[in-house]
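> Here's a structure for you.
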Amino acid sequence: KRRGNLPKMRYFGVSFQRSLLQGGMNALHRSSTCWGAPSSALSEQTMARQAGIGMVLCRSFSISAAAGNLCDKIGFIGAGNMAKAIMGGMIRNGVQRAHNVMVYDVSTDQMDACCKAFPGIRKAESLHNLLMDADIVLLGVKPQNVEAVLKPLKAEVEKMGPLRTDTVLASIIAGVPLHAFQKYTGMENIVRAMPNTPVTVEQGCTVWCSTRDLPKEKKELISKLFSAIGDEIYMEDERFLDMATAISGSGPAYVFLTMEAMIDSGVHMGFPRHIAERLVMNTLLGTCLYAIQVPHKHIDFMVTICPVRRTCFQASQ
């Protein structure tokens with residue numbers, strides 16, 4: 001076949017990435033029955049690895065697209081990029097209808113942008129208006145603005161009356177511990193979460209913890225909420241949130257640095273930049289899928305890919 005007749009593909013679009021991921025997960029499903037043994041014969045370790053890691057990639061596709069409601073009302077304090085990503089994920093995946101979402105931000109432009117992006121979302125007139133009948137409130141302001149946002153709320157509560165005692169406050173603010181939110185708000189049901197940038201394309205990884213007495217049904221609500229934007233991992237000990245900030249929270253930046261270095265190397269060798277980008281992005285994506293699907297330790301991959309005295313081995317020394 002002539003190469004010139006091949007159709008052009010959008011290698012950098014979300015739809016293409018999703019098709020690759022879905023194709024990879026289909027291959028994973030086929031592998032459980034085609035690699036010389038039925039799925040029941042797979043080792044427990046392999047199945048646990050696939051369930052705990054591999055299925056992350058297709059989780060957002062398994063959620064029903066039929067519009068439903070996780071709860072009666074979810075409120076967002078702050079309408080930045082991460083808040084928009086979470087709104088979009090849960091609305092597109094039918095976890096929560098837009099009409100049952102309310103947003104508050106000191107910037108009316110940010111609120112207007114949310115309402116334009118997701119028709120049906122309501123704007124709150126005040127913090128108290130947003131919180132007073134909400135089941136879940138997601139706090140997504142900048143860390144340096146936490147006190148400025150929450151102190152007026154405490155004053156409003158004292159003036160206008162207490163909030164619902166069963167409301168869950170979920171923070172996605174880095175570095176602010178659970179007890180700080182209890183201090184500022186007097187609320188008991190607090191969740192602290194660390195999502196990462198890939199939630200924008202519903203392939204993120206969110207690590208979260210909660211106050212000790214958060215009811216089981218509330219934990220299930222939070223789990224379903226974060227599942228709409230990728231994988232979610234609950235940790236009982238809050239100290240793991242700071243660790244997650246270093247690994248999964250900041251991790252995309254490390255990957256982008258590696259990606260940029262590889263692309264620049266390709267350009268330096270003579271590739272046009274758009275070809276170098278295509279090579280690197282597909283290599284990174286394919287390598288992750290390969291690592292997920294094939295039940296080996298990562299060091300074993302190096303042995304497979306870099307046999308002694310071959311090109312890759314020499315480059316890795």
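Residues in the structure tokens are numbered from 1 in each chain, the chains being A, B, ... in the order shown, and ligands are numbered from 1 in the order shown.
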Just list as number ranges by chain whatever in segment 113-146 of chain A DSSP marks as strand (DSSP E).

A: 122-123, 136-139

> With distances taken over only C-alpha atoms, which residue among A:Gly78, A:Gly286, A:Gly89, A:Gly140 lies nearest Ala113 of chain A?

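Between A:Gly78, A:Gly286, A:Gly89, A:Gly140, the residue approaching Ala113 of chain A most closely is A:Gly78.
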
> Please return as a ChimeraX atom specification: the residues of segment 90-232 of chain A that backbone DSSP assigns to helix (DSSP H, G or I).

/A:90-92,98-100,108-117,127-131,143-160,178-185,197-201,216-227

> Need the shell around Cys209 of chain A: protein/DNA/RNA residues with any atom at most 10 Å away, counting only C-alpha atoms. Skip same-chain ones fewer than 6 positions apart. Format as a list in words?

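Counting only C-alpha atoms, the residues come to Ala170, Leu178, Ile190, Val191, Arg192, Ala193, Met194, Lys219, Ile233, Tyr234, Met235, Glu236, Asp237, Glu238, Arg239, Phe240 and Leu241 of chain A.
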
> Suppose we keep C-alpha atoms; can you now write the selection as a compact mmCIF listing (two decimals), in the first residue's frame?


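Contents of again_6.txt, as written:
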# COMPACT_ATOMS: atom_id res chain seq x y z
CA ALA A 170 -13.42 17.99 50.43
CA LEU A 178 -7.38 18.24 57.99
CA ILE A 190 -13.47 16.64 56.20
CA VAL A 191 -11.72 15.06 53.22
CA ARG A 192 -8.28 16.03 51.98
CA ALA A 193 -7.38 15.00 48.45
CA MET A 194 -4.45 15.30 46.04
CA LYS A 219 -16.60 7.72 51.85
CA ILE A 233 -6.85 5.74 46.31
CA TYR A 234 -7.98 6.10 49.91
CA MET A 235 -5.31 6.23 52.62
CA GLU A 236 -6.15 6.18 56.32
CA ASP A 237 -2.99 8.00 57.35
CA GLU A 238 -2.87 11.67 56.32
CA ARG A 239 0.93 11.68 56.03
CA PHE A 240 0.58 9.80 52.72
CA LEU A 241 -1.01 12.89 51.17

> Using only C-alpha atoms, find the one residue out of A:Ala261, A:Ile77, A:Met243, A:Leu70 that sits nearest to Gln96 of chain A.

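The answer is A:Leu70, which sits nearest to Gln96 of chain A.
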
> From the list A:Gly186, A:Gly80, A:Pro215, A:Pro295, which residue is nearest Thr200 of chain A when using only C-alpha atoms?

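Using only C-alpha atoms, Thr200 of chain A sits closest to A:Gly80.
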
> Using only C-alpha atoms, pick whichever of A:Cys205, A:Ile86, A:Leu130, A:Cys71 has the shortest atom-to-atom distance to Ser248 of chain A.

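So, comparing all the options, the nearest one is A:Cys205.
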
> From the options A:Met187, A:Ala253, A:Ala83, A:Cys312, which residue's atoms come nearest to Leu153 of chain A, counting only C-alpha atoms?

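For Leu153 of chain A, the nearest of the given residues is A:Met187.
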
> Which one is closest to Ser107 of chain A: A:Met281, A:Ala79, A:Val95, A:Met132? Count only C-alpha atoms.

A:Ala79

> Can you tell me how far atom CA of Ile121 of chain A sits from atom CA of Ala228 of chain A, in Å to one decimal?

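We find that atom CA of Ile121 of chain A and atom CA of Ala228 of chain A lie 17.5 Å from each other.
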
> I'd like the contact shell of Gly204 of chain A - 8 Å cut-off, only C-alpha atoms, skipping same-chain residues fewer than 3 positions apart - returned as a list of chain:residue names.

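Returned residues: A:Pro195, A:Asn196, A:Thr197, A:Pro198, A:Val199, A:Thr200, A:Val201, A:Ile229, A:Gly230, A:Asp231.
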